[in-house]
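Chemist: upload_6.pdb is the file, holding PDB, C-alpha atoms:
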```
ATOM      1  CA  MET K   1      12.181 -13.948   2.164  1.00  0.00           C
ATOM      2  CA  LYS K   2      10.211 -10.713   1.965  1.00  0.00           C
ATOM      3  CA  ALA K   3       6.514 -10.578   1.120  1.00  0.00           C
ATOM      4  CA  ARG K   4       4.805  -7.441  -0.060  1.00  0.00           C
ATOM      5  CA  ILE K   5       1.020  -7.557   0.183  1.00  0.00           C
ATOM      6  CA  THR K   6      -1.198  -4.913  -1.337  1.00  0.00           C
ATOM      7  CA  VAL K   7      -4.810  -4.792  -0.208  1.00  0.00           C
ATOM      8  CA  THR K   8      -7.217  -2.738  -2.293  1.00  0.00           C
ATOM      9  CA  LEU K   9     -10.949  -2.166  -2.098  1.00  0.00           C
ATOM     10  CA  LYS K  10     -13.003  -4.067  -4.670  1.00  0.00           C
ATOM     11  CA  THR K  11     -14.581  -2.044  -7.465  1.00  0.00           C
ATOM     12  CA  GLY K  12     -17.870  -0.575  -6.343  1.00  0.00           C
ATOM     13  CA  VAL K  13     -16.952  -0.428  -2.658  1.00  0.00           C
ATOM     14  CA  LEU K  14     -17.108   3.158  -1.393  1.00  0.00           C
ATOM     15  CA  ASP K  15     -13.724   4.631  -0.495  1.00  0.00           C
ATOM     16  CA  PRO K  16     -14.096   7.718   1.730  1.00  0.00           C
ATOM     17  CA  GLN K  17     -10.328   7.966   2.307  1.00  0.00           C
ATOM     18  CA  GLY K  18      -9.727   8.052  -1.424  1.00  0.00           C
ATOM     19  CA  LYS K  19     -12.439  10.685  -1.867  1.00  0.00           C
ATOM     20  CA  ALA K  20     -10.825  12.801   0.868  1.00  0.00           C
ATOM     21  CA  ILE K  21      -7.473  12.651  -0.946  1.00  0.00           C
ATOM     22  CA  GLU K  22      -9.186  13.577  -4.220  1.00  0.00           C
ATOM     23  CA  HIS K  23     -10.844  16.634  -2.674  1.00  0.00           C
ATOM     24  CA  ALA K  24      -7.714  17.677  -0.811  1.00  0.00           C
ATOM     25  CA  LEU K  25      -5.636  17.500  -4.016  1.00  0.00           C
ATOM     26  CA  ASP K  26      -8.282  19.559  -5.789  1.00  0.00           C
ATOM     27  CA  GLY K  27      -8.238  22.087  -2.947  1.00  0.00           C
ATOM     28  CA  LEU K  28      -4.453  22.384  -3.252  1.00  0.00           C
ATOM     29  CA  GLY K  29      -4.824  23.261  -6.942  1.00  0.00           C
ATOM     30  CA  PHE K  30      -3.862  19.909  -8.474  1.00  0.00           C
ATOM     31  CA  GLU K  31      -6.069  19.448 -11.488  1.00  0.00           C
ATOM     32  CA  GLY K  32      -6.520  16.434 -13.725  1.00  0.00           C
ATOM     33  CA  VAL K  33      -6.999  13.823 -11.005  1.00  0.00           C
ATOM     34  CA  ASN K  34      -9.969  11.722 -12.128  1.00  0.00           C
ATOM     35  CA  SER K  35     -10.021   9.485  -9.098  1.00  0.00           C
ATOM     36  CA  ALA K  36      -8.023   8.411  -6.059  1.00  0.00           C
ATOM     37  CA  ARG K  37      -8.326   5.111  -4.187  1.00  0.00           C
ATOM     38  CA  GLN K  38      -6.533   4.242  -0.980  1.00  0.00           C
ATOM     39  CA  GLY K  39      -5.377   0.779  -0.075  1.00  0.00           C
ATOM     40  CA  LYS K  40      -2.988  -0.848   2.353  1.00  0.00           C
ATOM     41  CA  LEU K  41       0.504  -2.140   1.969  1.00  0.00           C
ATOM     42  CA  ILE K  42       1.894  -4.773   4.312  1.00  0.00           C
ATOM     43  CA  GLU K  43       5.503  -5.891   4.243  1.00  0.00           C
ATOM     44  CA  LEU K  44       6.416  -9.123   5.979  1.00  0.00           C
ATOM     45  CA  ASP K  45       9.845 -10.506   6.676  1.00  0.00           C
ATOM     46  CA  LEU K  46       9.533 -14.299   6.604  1.00  0.00           C
ATOM     47  CA  GLU K  47      11.876 -17.029   7.769  1.00  0.00           C
ATOM     48  CA  GLU K  48      10.635 -19.335   4.985  1.00  0.00           C
ATOM     49  CA  THR K  49      12.999 -19.500   2.011  1.00  0.00           C
ATOM     50  CA  ASP K  50      10.999 -21.688  -0.379  1.00  0.00           C
ATOM     51  CA  LYS K  51       8.883 -19.534  -2.696  1.00  0.00           C
ATOM     52  CA  ASP K  52       5.925 -21.917  -3.066  1.00  0.00           C
ATOM     53  CA  THR K  53       5.645 -22.613   0.662  1.00  0.00           C
ATOM     54  CA  ALA K  54       5.929 -18.903   1.433  1.00  0.00           C
ATOM     55  CA  MET K  55       3.224 -18.074  -1.117  1.00  0.00           C
ATOM     56  CA  ALA K  56       0.867 -20.678   0.400  1.00  0.00           C
ATOM     57  CA  GLN K  57       1.584 -19.372   3.889  1.00  0.00           C
ATOM     58  CA  VAL K  58       1.051 -15.702   3.001  1.00  0.00           C
ATOM     59  CA  THR K  59      -2.158 -16.534   1.095  1.00  0.00           C
ATOM     60  CA  GLN K  60      -3.495 -18.147   4.275  1.00  0.00           C
ATOM     61  CA  MET K  61      -2.494 -15.055   6.288  1.00  0.00           C
ATOM     62  CA  CYS K  62      -4.353 -12.819   3.834  1.00  0.00           C
ATOM     63  CA  GLU K  63      -7.488 -14.969   3.858  1.00  0.00           C
ATOM     64  CA  LYS K  64      -7.575 -15.279   7.636  1.00  0.00           C
ATOM     65  CA  LEU K  65      -6.384 -11.895   8.868  1.00  0.00           C
ATOM     66  CA  ILE K  66      -4.906  -9.337   6.525  1.00  0.00           C
ATOM     67  CA  ALA K  67      -7.660  -8.850   3.952  1.00  0.00           C
ATOM     68  CA  ASN K  68     -11.428  -8.739   4.340  1.00  0.00           C
ATOM     69  CA  THR K  69     -12.181 -10.729   1.215  1.00  0.00           C
ATOM     70  CA  VAL K  70     -15.817  -9.598   1.146  1.00  0.00           C
ATOM     71  CA  ILE K  71     -14.806  -6.065   0.205  1.00  0.00           C
ATOM     72  CA  GLU K  72     -11.060  -6.253  -0.505  1.00  0.00           C
ATOM     73  CA  ASN K  73      -8.710  -7.792  -3.051  1.00  0.00           C
ATOM     74  CA  TYR K  74      -5.140  -8.672  -2.205  1.00  0.00           C
ATOM     75  CA  ALA K  75      -2.007  -9.248  -4.236  1.00  0.00           C
ATOM     76  CA  ILE K  76       1.185 -10.885  -2.994  1.00  0.00           C
ATOM     77  CA  GLU K  77       4.702 -10.302  -4.302  1.00  0.00           C
ATOM     78  CA  LEU K  78       7.641 -12.294  -2.967  1.00  0.00           C
ATOM     79  CA  GLU K  79      11.295 -11.282  -3.177  1.00  0.00           C
TER
ATOM     80  CA  MET S  80      -2.276   7.509 -16.911  1.00  0.00           C
ATOM     81  CA  LYS S  81      -2.373   5.627 -13.612  1.00  0.00           C
ATOM     82  CA  ALA S  82      -0.071   6.396 -10.701  1.00  0.00           C
ATOM     83  CA  ARG S  83       0.553   3.969  -7.883  1.00  0.00           C
ATOM     84  CA  ILE S  84       2.089   5.549  -4.800  1.00  0.00           C
ATOM     85  CA  THR S  85       3.399   3.500  -1.904  1.00  0.00           C
ATOM     86  CA  VAL S  86       4.036   5.298   1.353  1.00  0.00           C
ATOM     87  CA  THR S  87       6.090   3.479   3.957  1.00  0.00           C
ATOM     88  CA  LEU S  88       7.388   4.474   7.366  1.00  0.00           C
ATOM     89  CA  LYS S  89      11.102   5.309   7.491  1.00  0.00           C
ATOM     90  CA  THR S  90      13.370   2.835   9.250  1.00  0.00           C
ATOM     91  CA  GLY S  91      13.389   3.456  12.979  1.00  0.00           C
ATOM     92  CA  VAL S  92       9.908   4.974  13.094  1.00  0.00           C
ATOM     93  CA  LEU S  93       7.648   2.962  15.410  1.00  0.00           C
ATOM     94  CA  ASP S  94       4.884   1.086  13.598  1.00  0.00           C
ATOM     95  CA  PRO S  95       2.119   0.025  16.023  1.00  0.00           C
ATOM     96  CA  GLN S  96      -0.114  -1.208  13.178  1.00  0.00           C
ATOM     97  CA  GLY S  97       2.664  -3.465  11.932  1.00  0.00           C
ATOM     98  CA  LYS S  98       3.293  -4.741  15.464  1.00  0.00           C
ATOM     99  CA  ALA S  99      -0.438  -5.518  15.853  1.00  0.00           C
ATOM    100  CA  ILE S 100      -0.392  -7.560  12.628  1.00  0.00           C
ATOM    101  CA  GLU S 101       2.741  -9.387  13.810  1.00  0.00           C
ATOM    102  CA  HIS S 102       1.111 -10.333  17.132  1.00  0.00           C
ATOM    103  CA  ALA S 103      -2.198 -11.285  15.524  1.00  0.00           C
ATOM    104  CA  LEU S 104      -0.429 -13.581  13.030  1.00  0.00           C
ATOM    105  CA  ASP S 105       1.483 -15.141  15.895  1.00  0.00           C
ATOM    106  CA  GLY S 106      -1.780 -15.617  17.831  1.00  0.00           C
ATOM    107  CA  LEU S 107      -3.322 -17.364  14.820  1.00  0.00           C
ATOM    108  CA  GLY S 108      -0.455 -19.818  14.774  1.00  0.00           C
ATOM    109  CA  PHE S 109       1.566 -18.433  11.880  1.00  0.00           C
ATOM    110  CA  GLU S 110       5.187 -18.875  12.796  1.00  0.00           C
ATOM    111  CA  GLY S 111       8.293 -17.602  11.085  1.00  0.00           C
ATOM    112  CA  VAL S 112       7.221 -13.982  10.679  1.00  0.00           C
ATOM    113  CA  ASN S 113      10.214 -11.901  11.746  1.00  0.00           C
ATOM    114  CA  SER S 114       8.556  -8.550  11.262  1.00  0.00           C
ATOM    115  CA  ALA S 115       5.569  -6.817   9.734  1.00  0.00           C
ATOM    116  CA  ARG S 116       5.338  -3.191   8.630  1.00  0.00           C
ATOM    117  CA  GLN S 117       2.230  -1.461   7.402  1.00  0.00           C
ATOM    118  CA  GLY S 118       2.199   1.275   4.805  1.00  0.00           C
ATOM    119  CA  LYS S 119      -0.287   2.979   2.514  1.00  0.00           C
ATOM    120  CA  LEU S 120      -1.068   2.521  -1.123  1.00  0.00           C
ATOM    121  CA  ILE S 121      -2.684   5.298  -3.144  1.00  0.00           C
ATOM    122  CA  GLU S 122      -3.823   4.815  -6.711  1.00  0.00           C
ATOM    123  CA  LEU S 123      -4.508   7.904  -8.804  1.00  0.00           C
ATOM    124  CA  ASP S 124      -6.128   8.086 -12.196  1.00  0.00           C
ATOM    125  CA  LEU S 125      -4.567  11.090 -13.941  1.00  0.00           C
ATOM    126  CA  GLU S 126      -5.605  12.960 -17.066  1.00  0.00           C
ATOM    127  CA  GLU S 127      -1.943  13.713 -17.885  1.00  0.00           C
ATOM    128  CA  THR S 128      -0.512  11.415 -20.561  1.00  0.00           C
ATOM    129  CA  ASP S 129       3.134  12.553 -20.584  1.00  0.00           C
ATOM    130  CA  LYS S 130       5.207  10.421 -18.214  1.00  0.00           C
ATOM    131  CA  ASP S 131       7.691  13.109 -17.144  1.00  0.00           C
ATOM    132  CA  THR S 132       4.997  15.706 -16.470  1.00  0.00           C
ATOM    133  CA  ALA S 133       2.916  13.165 -14.564  1.00  0.00           C
ATOM    134  CA  MET S 134       5.919  12.138 -12.459  1.00  0.00           C
ATOM    135  CA  ALA S 135       6.667  15.794 -11.592  1.00  0.00           C
ATOM    136  CA  GLN S 136       3.008  16.391 -10.715  1.00  0.00           C
ATOM    137  CA  VAL S 137       2.672  13.291  -8.536  1.00  0.00           C
ATOM    138  CA  THR S 138       5.976  14.060  -6.770  1.00  0.00           C
ATOM    139  CA  GLN S 139       4.541  17.470  -5.841  1.00  0.00           C
ATOM    140  CA  MET S 140       1.343  15.796  -4.570  1.00  0.00           C
ATOM    141  CA  CYS S 141       3.384  13.444  -2.396  1.00  0.00           C
ATOM    142  CA  GLU S 142       5.538  16.228  -0.971  1.00  0.00           C
ATOM    143  CA  LYS S 143       2.583  18.507  -0.236  1.00  0.00           C
ATOM    144  CA  LEU S 144      -0.166  16.125   0.841  1.00  0.00           C
ATOM    145  CA  ILE S 145       0.189  12.380   0.480  1.00  0.00           C
ATOM    146  CA  ALA S 146       3.358  11.632   2.440  1.00  0.00           C
ATOM    147  CA  ASN S 147       4.672  13.110   5.659  1.00  0.00           C
ATOM    148  CA  THR S 148       8.304  13.257   4.559  1.00  0.00           C
ATOM    149  CA  VAL S 149       9.572  13.661   8.132  1.00  0.00           C
ATOM    150  CA  ILE S 150       8.613  10.068   8.955  1.00  0.00           C
ATOM    151  CA  GLU S 151       7.592   8.506   5.635  1.00  0.00           C
ATOM    152  CA  ASN S 152       9.191   7.505   2.347  1.00  0.00           C
ATOM    153  CA  TYR S 153       7.227   7.353  -0.861  1.00  0.00           C
ATOM    154  CA  ALA S 154       7.679   5.588  -4.185  1.00  0.00           C
ATOM    155  CA  ILE S 155       5.821   6.370  -7.401  1.00  0.00           C
ATOM    156  CA  GLU S 156       5.093   3.957 -10.250  1.00  0.00           C
ATOM    157  CA  LEU S 157       3.395   5.146 -13.432  1.00  0.00           C
ATOM    158  CA  GLU S 158       1.577   2.956 -15.937  1.00  0.00           C
TER
END
```
Can you turn what I pasted into structure tokens?

Modeler:
Amino acid sequence: MKARITVTLKTGVLDPQGKAIEHALDGLGFEGVNSARQGKLIELDLEETDKDTAMAQVTQMCEKLIANTVIENYAIELE
Amino acid sequence: MKARITVTLKTGVLDPQGKAIEHALDGLGFEGVNSARQGKLIELDLEETDKDTAMAQVTQMCEKLIANTVIENYAIELE
């Protein structure tokens, strides 16, 4: 089973990487970009085949290692 | 219109960040993780409201700035 985790900064948390992308796009002549935010994408290949067990397992991984829940949100998709 | 761009390393390209996650998960006692790959997620808030124009614009942004197409793939989702 594959898990796809997206980690994004919570609203209000400063995002210098996103700002850099915004300015770089502007510098390259791309107009009409109101804002850019950068997050992380983590793809895991799991041995687990049961969806509920996998979801519980990946949630634990996010809480303990993958996301900093003080400043980041995470979303998990399983396929 | 919002654009969500995921940038992932092409198959075969070494991914030290992914390897670090894999080892850290293993060290924390999470078993059954065959592999981990890390990518980037970029969320843009665009002024453009036409889907086709937005897609063409974001594709250009990816080709010119956001993705390094030699080693990375990108996927665009518009909402």

Chemist: Kindly assemble as a tab-separated table a list of the chain K residues that lie within 9 Å of chain S, each paired with its nearest atom pair and their distance in Å to one decimal, using all atoms listed in the file, sorted first by chain and then by ascending residue number.

Modeler:
```
residue	atom	partner	partner_atom	distance
K:Thr6	CA	S:Leu120	CA	7.4
K:Val7	CA	S:Leu120	CA	8.3
K:Thr8	CA	S:Leu120	CA	8.2
K:Gly18	CA	S:Ile121	CA	7.8
K:Ile21	CA	S:Ile145	CA	7.8
K:Glu22	CA	S:Leu123	CA	8.7
K:Ala24	CA	S:Leu144	CA	7.9
K:Leu25	CA	S:Met140	CA	7.2
K:Leu28	CA	S:Lys143	CA	8.6
K:Phe30	CA	S:Met140	CA	7.7
K:Glu31	CA	S:Glu126	CA	8.6
K:Gly32	CA	S:Glu126	CA	4.9
K:Val33	CA	S:Leu125	CA	4.7
K:Asn34	CA	S:Asp124	CA	5.3
K:Ser35	CA	S:Asp124	CA	5.2
K:Ala36	CA	S:Leu123	CA	4.5
K:Arg37	CA	S:Glu122	CA	5.2
K:Gln38	CA	S:Ile121	CA	4.5
K:Gly39	CA	S:Leu120	CA	4.8
K:Lys40	CA	S:Lys119	CA	4.7
K:Leu41	CA	S:Gly118	CA	4.8
K:Ile42	CA	S:Gln117	CA	4.5
K:Glu43	CA	S:Arg116	CA	5.2
K:Leu44	CA	S:Ala115	CA	4.5
K:Asp45	CA	S:Ser114	CA	5.1
K:Leu46	CA	S:Val112	CA	4.7
K:Glu47	CA	S:Gly111	CA	4.9
K:Glu48	CA	S:Gly111	CA	6.8
K:Gln57	CA	S:Phe109	CA	8.0
K:Met61	CA	S:Leu104	CA	7.2
K:Lys64	CA	S:Leu107	CA	8.6
K:Leu65	CA	S:Leu104	CA	7.5
K:Ile66	CA	S:Ile100	CA	7.8
```

Chemist: Include C-alpha atoms and write out the residues we just selected as an mmCIF file, in the frame of the given file.

Modeler:
```cif
data_model
loop_
_atom_site.group_PDB
_atom_site.id
_atom_site.type_symbol
_atom_site.label_atom_id
_atom_site.label_comp_id
_atom_site.auth_asym_id
_atom_site.auth_seq_id
_atom_site.Cartn_x
_atom_site.Cartn_y
_atom_site.Cartn_z
ATOM 1 C CA THR K 6 -1.198 -4.913 -1.337
ATOM 2 C CA VAL K 7 -4.810 -4.792 -0.208
ATOM 3 C CA THR K 8 -7.217 -2.738 -2.293
ATOM 4 C CA GLY K 18 -9.727 8.052 -1.424
ATOM 5 C CA ILE K 21 -7.473 12.651 -0.946
ATOM 6 C CA GLU K 22 -9.186 13.577 -4.220
ATOM 7 C CA ALA K 24 -7.714 17.677 -0.811
ATOM 8 C CA LEU K 25 -5.636 17.500 -4.016
ATOM 9 C CA LEU K 28 -4.453 22.384 -3.252
ATOM 10 C CA PHE K 30 -3.862 19.909 -8.474
ATOM 11 C CA GLU K 31 -6.069 19.448 -11.488
ATOM 12 C CA GLY K 32 -6.520 16.434 -13.725
ATOM 13 C CA VAL K 33 -6.999 13.823 -11.005
ATOM 14 C CA ASN K 34 -9.969 11.722 -12.128
ATOM 15 C CA SER K 35 -10.021 9.485 -9.098
ATOM 16 C CA ALA K 36 -8.023 8.411 -6.059
ATOM 17 C CA ARG K 37 -8.326 5.111 -4.187
ATOM 18 C CA GLN K 38 -6.533 4.242 -0.980
ATOM 19 C CA GLY K 39 -5.377 0.779 -0.075
ATOM 20 C CA LYS K 40 -2.988 -0.848 2.353
ATOM 21 C CA LEU K 41 0.504 -2.140 1.969
ATOM 22 C CA ILE K 42 1.894 -4.773 4.312
ATOM 23 C CA GLU K 43 5.503 -5.891 4.243
ATOM 24 C CA LEU K 44 6.416 -9.123 5.979
ATOM 25 C CA ASP K 45 9.845 -10.506 6.676
ATOM 26 C CA LEU K 46 9.533 -14.299 6.604
ATOM 27 C CA GLU K 47 11.876 -17.029 7.769
ATOM 28 C CA GLU K 48 10.635 -19.335 4.985
ATOM 29 C CA GLN K 57 1.584 -19.372 3.889
ATOM 30 C CA MET K 61 -2.494 -15.055 6.288
ATOM 31 C CA LYS K 64 -7.575 -15.279 7.636
ATOM 32 C CA LEU K 65 -6.384 -11.895 8.868
ATOM 33 C CA ILE K 66 -4.906 -9.337 6.525
#
```

Chemist: Could you state the separation of atom CA of Cys62 of chain K and atom CA of Thr148 of chain S in Å, given to one decimal place?

Modeler: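 It comes out at 29.0 Å.
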
Chemist: Rounded to one decimal, what separation in Å do you get between atom CA of Thr128 of chain S and atom CA of Leu157 of chain S?

Modeler: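 Taking atom CA of Thr128 of chain S and atom CA of Leu157 of chain S, their separation equals 10.3 Å.
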
Chemist: Could you tell me how far atom CA of Leu9 of chain K lies from atom CA of Ile76 of chain K, in Å and to one decimal?

Modeler: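 It comes out at 15.0 Å.
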
Chemist: Give as a ChimeraX atom specification the residues that the PyMOL selection byres ((chain S and resi 150) around 7) matches when applied to the coordinates above.

Modeler: /S:88-89,92,147-149,151
